[in-house]
$ cat target.tsv   # TSV, C-alpha atoms and all ligand atoms
chain	number	residue	atom	x	y	z
B	124	MET	CA	112.44	206.39	112.67
B	125	SER	CA	113.24	204.77	116.02
B	126	LEU	CA	116.45	202.90	116.54
B	127	LYS	CA	114.42	199.67	116.83
B	128	SER	CA	112.64	200.11	113.49
B	129	LYS	CA	115.96	201.05	111.82
B	130	TYR	CA	117.36	197.71	112.94
B	131	PHE	CA	114.20	196.00	111.70
B	132	SER	CA	114.57	197.61	108.22
B	133	PHE	CA	118.23	196.61	108.12
B	134	TRP	CA	117.38	192.96	108.75
B	135	VAL	CA	114.54	193.00	106.19
B	136	ILE	CA	116.86	194.43	103.52
B	137	LEU	CA	119.62	191.97	104.39
B	138	PHE	CA	117.14	189.10	104.12
B	139	LEU	CA	115.96	190.29	100.69
B	140	VAL	CA	119.53	190.63	99.42
B	141	VAL	CA	120.50	187.16	100.65
B	142	ALA	CA	117.30	185.63	99.22
B	143	THR	CA	117.88	187.25	95.82
B	144	VAL	CA	121.50	186.13	95.62
B	145	ALA	CA	120.54	182.61	96.75
B	146	SER	CA	117.82	182.25	94.12
B	147	ALA	CA	120.13	183.53	91.37
B	148	GLN	CA	122.78	181.03	92.44
B	149	SER	CA	120.40	178.08	92.61
B	150	GLY	CA	120.60	178.01	88.81
B	151	ALA	CA	116.89	177.27	88.46
B	152	ASP	CA	116.52	179.78	85.65
B	153	VAL	CA	119.94	179.54	84.04
B	154	LYS	CA	119.55	178.40	80.46
B	155	PRO	CA	122.40	178.60	77.99
B	156	LYS	CA	121.82	180.46	74.73
B	157	ASN	CA	123.72	177.84	72.78
B	158	ILE	CA	124.40	174.13	73.24
B	159	ILE	CA	127.19	172.17	71.58
B	160	PHE	CA	126.73	168.46	72.19
B	161	LEU	CA	129.67	166.28	71.16
B	162	ILE	CA	129.38	162.50	70.98
B	163	GLY	CA	132.36	160.20	70.58
B	164	ASP	CA	130.77	157.08	69.14
B	165	GLY	CA	132.03	154.08	71.10
B	166	MET	CA	134.40	156.22	73.18
B	167	GLY	CA	134.88	154.51	76.52
B	168	VAL	CA	137.21	155.48	79.34
B	169	ALA	CA	139.97	153.26	77.90
B	170	HIS	CA	139.84	155.06	74.54
B	171	VAL	CA	140.27	158.39	76.32
B	172	THR	CA	143.05	156.92	78.50
B	173	ALA	CA	144.98	155.77	75.44
B	174	ALA	CA	144.56	159.10	73.63
B	175	LYS	CA	145.79	160.92	76.74
B	176	ILE	CA	148.87	158.69	77.07
B	177	VAL	CA	149.83	158.85	73.41
B	178	ASN	CA	148.88	162.47	72.72
B	179	GLY	CA	150.19	163.89	76.00
B	180	SER	CA	147.27	166.23	76.55
B	181	LEU	CA	143.66	166.44	75.49
B	182	ASN	CA	141.12	169.24	75.36
B	183	MET	CA	138.86	166.92	77.36
B	184	GLU	CA	141.06	167.79	80.34
B	185	ARG	CA	139.74	171.36	80.28
B	186	PHE	CA	136.40	170.28	81.76
B	187	LYS	CA	135.94	170.65	85.51
B	188	ILE	CA	132.59	168.85	85.69
B	189	MET	CA	132.44	165.14	84.92
B	190	GLY	CA	130.05	162.27	85.24
B	191	MET	CA	129.48	158.73	84.00
B	192	HIS	CA	126.41	157.20	82.48
B	193	MET	CA	124.90	153.76	82.07
B	194	THR	CA	124.09	153.19	78.40
B	195	ALA	CA	121.61	150.25	78.35
B	196	SER	CA	118.81	150.38	75.78
B	197	ALA	CA	115.17	149.43	76.43
B	198	ASN	CA	115.69	145.83	75.34
B	199	ASP	CA	119.37	145.09	76.01
B	200	TYR	CA	122.05	145.92	78.57
B	201	VAL	CA	124.30	146.46	75.55
B	202	THR	CA	122.93	149.24	73.40
B	203	ASP	CA	123.48	149.95	69.73
B	204	SER	CA	124.03	153.45	68.37
B	205	ALA	CA	120.41	153.86	67.31
B	206	ALA	CA	118.90	153.28	70.76
B	207	ALA	CA	121.71	155.18	72.51
B	208	GLY	CA	121.42	158.09	70.06
B	209	THR	CA	117.69	158.17	70.70
B	210	ALA	CA	118.26	158.30	74.48
B	211	LEU	CA	120.76	161.15	74.05
B	212	ALA	CA	118.52	163.03	71.61
B	213	THR	CA	115.15	162.53	73.32
B	214	GLY	CA	115.73	161.46	76.92
B	215	TYR	CA	113.92	158.15	76.44
B	216	LYS	CA	115.11	154.60	75.97
B	217	THR	CA	114.10	152.59	72.96
B	218	ASN	CA	114.95	149.19	71.46
B	219	ASN	CA	118.16	148.58	69.53
B	220	ASP	CA	117.85	149.42	65.80
B	221	VAL	CA	115.21	152.10	66.42
B	222	VAL	CA	115.78	155.85	65.91
B	223	GLY	CA	113.51	158.51	67.39
B	224	LEU	CA	110.59	156.22	68.27
B	225	ASN	CA	109.71	154.59	71.59
B	226	PRO	CA	109.49	150.76	71.80
B	227	GLU	CA	105.79	150.99	70.86
B	228	GLY	CA	106.62	152.94	67.70
B	229	LYS	CA	105.46	156.36	68.89
B	230	PRO	CA	107.66	159.34	67.82
B	231	LEU	CA	109.81	160.89	70.53
B	232	LYS	CA	110.48	164.61	70.20
B	233	ASN	CA	114.20	165.26	69.90
B	234	LEU	CA	116.52	168.01	71.13
B	235	MET	CA	116.64	169.68	67.71
B	236	GLU	CA	112.84	169.85	67.50
B	237	TYR	CA	112.70	171.51	70.93
B	238	ALA	CA	115.48	173.88	69.88
B	239	ARG	CA	113.62	175.00	66.76
B	240	GLU	CA	110.50	175.65	68.86
B	241	ALA	CA	112.69	177.96	70.94
B	242	GLY	CA	113.70	179.80	67.74
B	243	LYS	CA	117.20	178.40	67.73
B	244	ALA	CA	119.24	177.35	64.70
B	245	THR	CA	120.16	173.65	64.60
B	246	GLY	CA	122.95	171.67	63.03
B	247	ILE	CA	124.79	168.37	62.91
B	248	ALA	CA	128.39	167.69	61.94
B	249	VAL	CA	129.53	164.07	61.82
B	250	SER	CA	132.31	161.97	60.32
B	251	SER	CA	129.91	159.19	59.24
B	252	ILE	CA	127.32	159.27	56.48
B	253	LEU	CA	124.52	161.69	57.40
B	254	PRO	CA	121.77	159.06	57.80
B	255	HIS	CA	123.93	156.96	60.18
B	256	ALA	CA	122.38	156.07	63.55
B	257	THR	CA	123.57	158.93	65.76
B	258	PRO	CA	122.75	161.85	63.43
B	259	ALA	CA	119.51	160.03	62.51
B	260	ALA	CA	118.44	160.02	66.16
B	261	PHE	CA	118.67	163.84	66.14
B	262	SER	CA	116.76	164.32	62.90
B	263	ALA	CA	114.51	161.36	62.08
B	264	HIS	CA	111.98	158.92	63.50
B	265	HIS	CA	112.08	155.41	62.09
B	266	LYS	CA	111.87	151.79	63.20
B	267	ALA	CA	114.99	150.59	61.37
B	268	ARG	CA	118.32	152.43	61.46
B	269	TYR	CA	119.57	150.92	58.19
B	270	HIS	CA	116.63	152.19	56.10
B	271	TYR	CA	118.83	155.04	54.95
B	272	ASP	CA	116.49	156.18	52.14
B	273	VAL	CA	113.65	156.81	54.59
B	274	ILE	CA	115.91	158.40	57.20
B	275	LEU	CA	117.74	160.69	54.79
B	276	ASP	CA	114.45	161.94	53.36
B	277	GLN	CA	113.27	162.82	56.89
B	278	GLN	CA	116.59	164.48	57.71
B	279	LEU	CA	116.49	166.77	54.68
B	280	ASN	CA	112.99	167.85	55.67
B	281	SER	CA	113.68	168.10	59.40
B	282	GLY	CA	114.55	171.81	59.42
B	283	LEU	CA	118.26	171.44	60.20
B	284	ASP	CA	120.15	174.59	59.16
B	285	VAL	CA	123.55	172.93	58.96
B	286	MET	CA	124.29	169.35	57.88
B	287	ILE	CA	127.88	168.24	57.58
B	288	GLY	CA	129.01	164.68	56.97
B	289	GLY	CA	129.47	162.01	54.33
B	290	GLY	CA	127.14	159.92	52.21
B	291	TRP	CA	126.45	161.37	48.77
B	292	ASP	CA	126.05	157.77	47.49
B	293	ASN	CA	122.80	157.81	49.47
B	294	PHE	CA	121.66	160.99	47.66
B	295	TYR	CA	122.00	160.04	44.00
B	296	PRO	CA	119.38	157.98	42.09
B	297	GLN	CA	119.98	154.26	41.59
B	298	SER	CA	120.97	154.82	37.94
B	299	PHE	CA	124.23	156.40	39.18
B	300	THR	CA	127.11	153.91	39.46
B	301	ALA	CA	127.93	154.32	43.15
B	302	SER	CA	124.35	155.00	44.24
B	303	ARG	CA	123.07	153.17	47.28
B	304	ARG	CA	119.46	154.26	46.70
B	305	LYS	CA	116.67	151.92	45.73
B	306	ASP	CA	114.74	154.57	43.79
B	307	ASP	CA	115.18	157.27	41.15
B	308	ARG	CA	115.10	160.29	43.43
B	309	ASN	CA	118.01	162.72	43.33
B	310	LEU	CA	118.18	164.08	46.84
B	311	MET	CA	121.15	166.25	45.94
B	312	LEU	CA	118.92	168.27	43.57
B	313	GLU	CA	116.17	168.37	46.20
B	314	LEU	CA	118.63	169.57	48.83
B	315	ARG	CA	120.03	172.31	46.58
B	316	LYS	CA	116.55	173.87	46.47
B	317	LYS	CA	116.69	174.26	50.26
B	318	MET	CA	120.22	175.47	50.95
B	319	PRO	CA	123.72	175.88	49.54
B	320	VAL	CA	125.41	172.50	49.10
B	321	VAL	CA	129.14	171.85	48.88
B	322	THR	CA	130.79	168.51	48.14
B	323	SER	CA	134.46	169.22	48.83
B	324	TYR	CA	136.32	170.53	51.84
B	325	GLU	CA	137.93	173.24	49.67
B	326	ALA	CA	134.51	174.63	48.69
B	327	PHE	CA	133.35	174.25	52.29
B	328	ALA	CA	136.28	176.23	53.68
B	329	GLN	CA	135.68	179.06	51.21
B	330	ILE	CA	131.94	179.44	51.66
B	331	GLY	CA	130.92	183.03	52.48
B	332	LYS	CA	128.26	184.24	54.88
B	333	THR	CA	125.28	181.89	54.86
B	334	TYR	CA	122.54	180.95	57.32
B	335	LYS	CA	122.23	177.41	56.01
B	336	LEU	CA	124.68	174.92	54.59
B	337	ALA	CA	124.88	171.28	53.65
B	338	ALA	CA	128.38	169.87	53.23
B	339	ILE	CA	128.34	166.32	51.88
B	340	LEU	CA	132.03	165.63	51.75
B	341	ASN	CA	132.36	162.00	50.65
B	342	GLY	CA	130.42	159.16	49.01
B	343	GLY	CA	130.39	157.09	52.18
B	344	HIS	CA	131.68	157.99	55.64
B	345	LEU	CA	134.29	160.76	55.67
B	346	PRO	CA	137.80	159.45	55.08
B	347	PRO	CA	139.50	158.27	58.30
B	348	ALA	CA	141.04	161.11	60.33
B	349	SER	CA	144.57	160.13	59.28
B	350	LYS	CA	143.63	160.38	55.57
B	351	ARG	CA	141.81	163.72	55.71
B	352	ASN	CA	143.40	167.13	55.22
B	353	TYR	CA	140.90	168.62	57.67
B	354	THR	CA	139.79	167.82	61.20
B	355	LEU	CA	136.41	167.44	62.83
B	356	GLY	CA	137.45	170.67	64.60
B	357	ASN	CA	137.59	172.49	61.24
B	358	LEU	CA	134.06	171.28	60.46
B	359	THR	CA	132.86	172.29	63.93
B	360	ASP	CA	134.37	175.79	63.61
B	361	LYS	CA	132.41	176.45	60.42
B	362	ALA	CA	129.19	174.98	61.82
B	363	ILE	CA	129.43	177.27	64.85
B	364	GLU	CA	130.21	180.30	62.67
B	365	ILE	CA	127.05	179.72	60.60
B	366	LEU	CA	124.68	178.77	63.44
B	367	ASN	CA	125.88	181.63	65.64
B	368	LEU	CA	124.33	184.11	63.18
B	369	ASN	CA	120.96	183.27	64.78
B	370	ASP	CA	120.11	185.86	67.48
B	371	LYS	CA	118.23	183.31	69.58
B	372	GLY	CA	121.13	180.89	69.72
B	373	PHE	CA	121.75	177.41	68.38
B	374	VAL	CA	122.07	173.73	69.15
B	375	LEU	CA	124.83	171.80	67.37
B	376	MET	CA	125.46	168.06	67.62
B	377	VAL	CA	128.92	166.89	66.59
B	378	GLU	CA	129.83	163.22	66.35
B	379	GLY	CA	133.26	161.63	66.18
B	380	SER	CA	131.62	158.72	64.39
B	381	GLN	CA	134.60	156.56	63.56
B	382	ILE	CA	136.06	155.86	67.02
B	383	ASP	CA	133.41	153.14	67.07
B	384	LEU	CA	134.27	151.78	63.60
B	385	ALA	CA	137.96	151.55	64.50
B	386	ALA	CA	137.19	149.77	67.77
B	387	HIS	CA	134.87	147.29	66.02
B	388	ASP	CA	137.84	146.43	63.80
B	389	GLY	CA	140.22	146.25	66.78
B	390	GLU	CA	142.60	148.78	65.19
B	391	MET	CA	144.32	150.74	67.94
B	392	GLU	CA	146.08	153.29	65.71
B	393	ARG	CA	142.75	154.23	64.16
B	394	VAL	CA	141.06	154.41	67.57
B	395	LEU	CA	143.76	156.86	68.65
B	396	ALA	CA	143.60	158.98	65.49
B	397	GLU	CA	139.81	159.19	65.62
B	398	THR	CA	139.74	160.04	69.34
B	399	VAL	CA	142.33	162.78	68.88
B	400	ASP	CA	140.37	164.06	65.85
B	401	PHE	CA	137.22	164.13	68.02
B	402	ASP	CA	139.22	166.11	70.58
B	403	THR	CA	139.85	168.83	67.95
B	404	ALA	CA	136.08	169.37	67.82
B	405	ILE	CA	136.04	169.66	71.61
B	406	LYS	CA	138.72	172.37	71.34
B	407	SER	CA	136.63	174.22	68.81
B	408	ALA	CA	133.53	174.01	71.05
B	409	LEU	CA	135.33	175.01	74.26
B	410	ASP	CA	137.22	177.90	72.66
B	411	PHE	CA	133.92	179.30	71.39
B	412	ALA	CA	132.09	178.66	74.68
B	413	GLU	CA	134.80	180.27	76.81
B	414	ALA	CA	134.75	183.42	74.69
B	415	ASP	CA	130.96	183.48	74.37
B	416	GLY	CA	130.10	182.89	78.04
B	417	ASN	CA	126.58	181.67	77.29
B	418	THR	CA	127.22	178.31	75.67
B	419	LEU	CA	126.91	174.88	77.26
B	420	VAL	CA	129.30	172.22	75.97
B	421	VAL	CA	128.54	168.58	76.76
B	422	VAL	CA	130.78	165.73	75.65
B	423	THR	CA	129.96	162.06	76.00
B	424	ALA	CA	129.79	158.70	74.22
B	425	ASP	CA	126.78	156.61	73.27
B	426	HIS	CA	128.40	153.35	74.50
B	427	GLU	CA	131.77	151.68	74.76
B	428	THR	CA	133.05	149.69	71.77
B	429	GLY	CA	135.64	146.93	71.82
B	430	GLY	CA	135.84	146.11	75.53
B	431	LEU	CA	139.18	147.87	75.30
B	432	SER	CA	141.71	147.46	78.10
B	433	PHE	CA	145.42	147.81	78.77
B	434	PRO	CA	146.83	145.08	81.00
B	435	MET	CA	150.37	145.19	82.41
B	436	LYS	CA	153.05	145.54	79.70
B	437	SER	CA	150.56	146.69	77.08
B	438	ILE	CA	151.88	150.27	77.17
B	439	GLU	CA	155.53	151.21	76.73
B	440	ASN	CA	157.15	154.65	76.28
B	441	ALA	CA	153.82	156.38	75.70
B	442	LYS	CA	152.90	153.85	73.00
B	443	ILE	CA	150.12	151.28	73.12
B	444	VAL	CA	151.97	148.14	72.11
B	445	ASN	CA	149.55	145.40	73.10
B	446	PRO	CA	145.97	146.56	73.59
B	447	VAL	CA	143.27	144.03	74.41
B	448	PHE	CA	139.97	144.23	72.59
B	449	SER	CA	137.78	141.77	74.47
B	450	SER	CA	134.97	142.20	71.92
B	451	ASP	CA	134.47	143.23	68.31
B	452	ASN	CA	131.21	144.87	69.33
B	453	HIS	CA	129.70	147.22	71.91
B	454	THR	CA	129.85	146.56	75.65
B	455	ALA	CA	127.75	147.58	78.66
B	456	ALA	CA	130.55	149.61	80.30
B	457	MET	CA	129.69	153.09	81.55
B	458	VAL	CA	131.02	155.99	79.49
B	459	PRO	CA	132.41	159.40	80.45
B	460	LEU	CA	130.40	162.63	80.47
B	461	PHE	CA	131.97	166.11	80.51
B	462	ALA	CA	130.24	169.51	80.77
B	463	PHE	CA	131.20	173.19	80.67
B	464	GLY	CA	129.13	176.37	80.78
B	465	PRO	CA	125.68	177.39	82.05
B	466	GLY	CA	123.87	174.28	83.35
B	467	ALA	CA	127.05	172.16	83.35
B	468	GLU	CA	126.63	171.12	87.01
B	469	LYS	CA	123.51	169.14	86.06
B	470	PHE	CA	125.75	166.62	84.28
B	471	GLY	CA	128.02	165.81	87.24
B	472	GLY	CA	127.79	162.40	88.92
B	473	MET	CA	126.63	158.97	87.86
B	474	CYS	CA	123.42	158.77	85.87
B	475	ASP	CA	121.51	156.95	83.19
B	476	ILE	CA	121.98	157.86	79.51
B	477	THR	CA	118.41	159.22	79.44
B	478	HIS	CA	119.37	161.86	82.02
B	479	VAL	CA	121.71	163.44	79.47
B	480	GLY	CA	119.00	163.83	76.82
B	481	LYS	CA	116.32	164.89	79.31
B	482	THR	CA	118.55	167.53	80.86
B	483	LEU	CA	119.61	169.00	77.52
B	484	ILE	CA	115.94	169.23	76.52
B	485	GLU	CA	115.07	170.95	79.85
B	486	LEU	CA	117.79	173.49	79.12
B	487	VAL	CA	116.59	174.27	75.60
B	488	LYS	CA	112.83	173.98	75.88
B	489	VAL	CA	110.57	177.03	75.92
B	490	ASP	CA	109.16	177.51	79.44
B	491	GLU	CA	105.50	176.63	79.70
B	492	GLN	CA	103.37	179.61	80.66
B	493	PRO	CA	101.99	179.28	84.21
B	501	ZN	ZN	127.55	154.09	68.71

$ encode --input "target.tsv" --output "structure tokens"
Amino acid sequence: MSLKSKYFSFWVILFLVVATVASAQSGADVKPKNIIFLIGDGMGVAHVTAAKIVNGSLNMERFKIMGMHMTASANDYVTDSAAAGTALATGYKTNNDVVGLNPEGKPLKNLMEYAREAGKATGIAVSSILPHATPAAFSAHHKARYHYDVILDQQLNSGLDVMIGGGWDNFYPQSFTASRRKDDRNLMLELRKKMPVVTSYEAFAQIGKTYKLAAILNGGHLPPASKRNYTLGNLTDKAIEILNLNDKGFVLMVEGSQIDLAAHDGEMERVLAETVDFDTAIKSALDFAEADGNTLVVVTADHETGGLSFPMKSIENAKIVNPVFSSDNHTAAMVPLFAFGPGAEKFGGMCDITHVGKTLIELVKVDEQP
């Protein structure tokens, strides 16, 4: 080989090496095995600010990639949880009150449906009743968020492997005293035919190896964080343990549902307790993802609730003494977005709420054959 052709080979090889490294780093093909998507209902920047000041530190601070998103629904600058949940679950906007359908009433395929097509296990863990708007958006398709009987029926038949939350009053037939059903079906019996069901945290904590589990832990929403002897983090740990038994990975949606309820009521102490409780679930997700190395964790809110702000003199000695709730409802303010793990960089910057759902679906969806 002449000296000239040796040099030529050297440059060809160098080019190939650089090209290979560059294409690997472009991230085009990087898909996480698992996704843990955590939604703080109503959790705006002010809610996080207050939790940081009062608690000292938050697991949310462990993220290095952050963004913000605009939350408007298809028919209002101020979204409700149904339309926002639908945008986060499907990547498309819909009208307020609607879960899992577009404004024309056509079903929108959600993240969990894509995940199951990819052979992944799916689960939800929330501190509200199971058929509440956010979990409904990930497991049902219906025109009215408060038609809990219809939504719950769809959820139980959706193929979710893990369902954790409150709401057994919505399961029992109308003849039962506390029942909120308008028919004689006993969904608890129907559910028990599909998977193990527990109705107390003690039974939940002791459950052995299982690939499926429903934990219906209260009649209505779960008790407020300050009145529970377990955290959303405890529920998240167990959900991950079960779903992680699937070789092809899993998608888990966790909702800190009651930050929103507390902010609607203008109760600062509750807002703080619920936000810190939500942060325990973030710890659980990040601890798992850091050890696993192939798990994407995304944290966001569906909208801001309360128009919460802290003017001068409203905070003293790390205590919120005089918060201002400018509304008892949702607002149009942008909300924070945090991401960690494979694909995390796609969530940096300012975007629309639909970008979050669309991107998660891109990362979970089975590649179409060329
Ligand atoms: Zn909400």

$ residues_around --input "target.tsv" --residues "His192 in chain B" --least-positions-apart "3" --cutoff "8 Å" --atoms "all atoms listed in the file" --output "PyMOL selection string"
chain B and resi 457-460+473-476

$ residues_near_ligand --input "target.tsv" --ligand "ligand ZN 501 (chain B)" --cutoff "9 Å" --atoms "only C-alpha atoms and all ligand atoms" --output "JSON, numbers by chain"
{"B": [162, 163, 164, 165, 166, 202, 203, 204, 205, 206, 207, 208, 256, 257, 380, 382, 383, 384, 424, 425, 426, 427, 428, 453]}

$ residues_near_point --input "target.tsv" --point "(138.6, 158.9, 74.7)" --cutoff "9 Å" --atoms "only C-alpha atoms" --output "number ranges by chain"
B: 163, 165-175, 183, 382, 394-395, 398-399, 401-402, 424, 459

$ atom_distance --input "target.tsv" --atom1 "CA of Asn452 in chain B" --atom2 "CA of Val421 in chain B"
25.0 Å

$ atom_distance --input "target.tsv" --atom1 "CA of His478 in chain B" --atom2 "CA of Pro258 in chain B"
18.9 Å

$ build_atoms --input "target.tsv" --residues "range 260-269 of chain B" --atoms "all heavy atoms" --output "mmCIF file, in the coordinates of the input"
data_model
loop_
_atom_site.group_PDB
_atom_site.id
_atom_site.type_symbol
_atom_site.label_atom_id
_atom_site.label_comp_id
_atom_site.auth_asym_id
_atom_site.auth_seq_id
_atom_site.Cartn_x
_atom_site.Cartn_y
_atom_site.Cartn_z
ATOM 1 N N ALA B 260 119.205 159.886 64.909
ATOM 2 C CA ALA B 260 118.440 160.020 66.160
ATOM 3 C C ALA B 260 118.100 161.481 66.458
ATOM 4 O O ALA B 260 117.134 161.763 67.165
ATOM 5 C CB ALA B 260 119.224 159.412 67.314
ATOM 6 N N PHE B 261 118.895 162.412 65.911
ATOM 7 C CA PHE B 261 118.670 163.840 66.140
ATOM 8 C C PHE B 261 117.860 164.492 65.021
ATOM 9 O O PHE B 261 117.644 165.699 65.035
ATOM 10 C CB PHE B 261 120.015 164.567 66.287
ATOM 11 C CG PHE B 261 120.701 164.288 67.590
ATOM 12 C CD1 PHE B 261 121.398 163.102 67.784
ATOM 13 C CD2 PHE B 261 120.634 165.191 68.639
ATOM 14 C CE1 PHE B 261 122.024 162.824 69.000
ATOM 15 C CE2 PHE B 261 121.251 164.930 69.856
ATOM 16 C CZ PHE B 261 121.945 163.745 70.042
ATOM 17 N N SER B 262 117.426 163.699 64.040
ATOM 18 C CA SER B 262 116.760 164.320 62.900
ATOM 19 C C SER B 262 115.774 163.421 62.178
ATOM 20 O O SER B 262 115.303 163.771 61.103
ATOM 21 C CB SER B 262 117.829 164.804 61.901
ATOM 22 O OG SER B 262 118.753 163.770 61.632
ATOM 23 N N ALA B 263 115.458 162.258 62.748
ATOM 24 C CA ALA B 263 114.510 161.360 62.080
ATOM 25 C C ALA B 263 113.815 160.473 63.105
ATOM 26 O O ALA B 263 114.231 160.406 64.268
ATOM 27 C CB ALA B 263 115.242 160.482 61.055
ATOM 28 N N HIS B 264 112.757 159.823 62.649
ATOM 29 C CA HIS B 264 111.980 158.920 63.500
ATOM 30 C C HIS B 264 111.645 157.697 62.659
ATOM 31 O O HIS B 264 110.788 157.768 61.770
ATOM 32 C CB HIS B 264 110.684 159.594 63.974
ATOM 33 C CG HIS B 264 110.922 160.922 64.638
ATOM 34 N ND1 HIS B 264 111.171 161.047 65.988
ATOM 35 C CD2 HIS B 264 110.978 162.185 64.134
ATOM 36 C CE1 HIS B 264 111.363 162.329 66.288
ATOM 37 N NE2 HIS B 264 111.251 163.039 65.175
ATOM 38 N N HIS B 265 112.335 156.585 62.922
ATOM 39 C CA HIS B 265 112.080 155.410 62.090
ATOM 40 C C HIS B 265 112.448 154.127 62.829
ATOM 41 O O HIS B 265 113.358 154.103 63.636
ATOM 42 C CB HIS B 265 112.856 155.514 60.772
ATOM 43 C CG HIS B 265 112.464 154.482 59.772
ATOM 44 N ND1 HIS B 265 111.188 154.397 59.261
ATOM 45 C CD2 HIS B 265 113.158 153.453 59.222
ATOM 46 C CE1 HIS B 265 111.124 153.373 58.422
ATOM 47 N NE2 HIS B 265 112.304 152.777 58.383
ATOM 48 N N LYS B 266 111.731 153.061 62.467
ATOM 49 C CA LYS B 266 111.870 151.790 63.200
ATOM 50 C C LYS B 266 113.159 151.037 62.881
ATOM 51 O O LYS B 266 113.553 150.150 63.634
ATOM 52 C CB LYS B 266 110.665 150.895 62.900
ATOM 53 C CG LYS B 266 110.569 150.540 61.413
ATOM 54 C CD LYS B 266 109.339 149.746 61.064
ATOM 55 C CE LYS B 266 109.344 149.491 59.561
ATOM 56 N NZ LYS B 266 108.125 148.887 59.063
ATOM 57 N N ALA B 267 113.814 151.368 61.769
ATOM 58 C CA ALA B 267 114.990 150.590 61.370
ATOM 59 C C ALA B 267 116.122 151.513 60.945
ATOM 60 O O ALA B 267 116.026 152.212 59.933
ATOM 61 C CB ALA B 267 114.621 149.651 60.225
ATOM 62 N N ARG B 268 117.206 151.486 61.680
ATOM 63 C CA ARG B 268 118.320 152.430 61.460
ATOM 64 C C ARG B 268 118.967 152.301 60.091
ATOM 65 O O ARG B 268 119.575 153.253 59.606
ATOM 66 C CB ARG B 268 119.381 152.257 62.543
ATOM 67 C CG ARG B 268 119.986 150.869 62.576
ATOM 68 C CD ARG B 268 121.111 150.755 63.583
ATOM 69 N NE ARG B 268 122.322 151.416 63.120
ATOM 70 C CZ ARG B 268 123.491 151.334 63.742
ATOM 71 N NH1 ARG B 268 123.596 150.648 64.854
ATOM 72 N NH2 ARG B 268 124.551 151.939 63.259
ATOM 73 N N TYR B 269 118.879 151.097 59.489
ATOM 74 C CA TYR B 269 119.570 150.920 58.190
ATOM 75 C C TYR B 269 118.685 151.274 56.991
ATOM 76 O O TYR B 269 119.135 151.149 55.855
ATOM 77 C CB TYR B 269 120.125 149.505 58.067
ATOM 78 C CG TYR B 269 121.262 149.249 59.042
ATOM 79 C CD1 TYR B 269 121.116 148.388 60.119
ATOM 80 C CD2 TYR B 269 122.475 149.928 58.902
ATOM 81 C CE1 TYR B 269 122.163 148.179 61.025
ATOM 82 C CE2 TYR B 269 123.521 149.724 59.798
ATOM 83 C CZ TYR B 269 123.355 148.855 60.861
ATOM 84 O OH TYR B 269 124.391 148.665 61.751
#
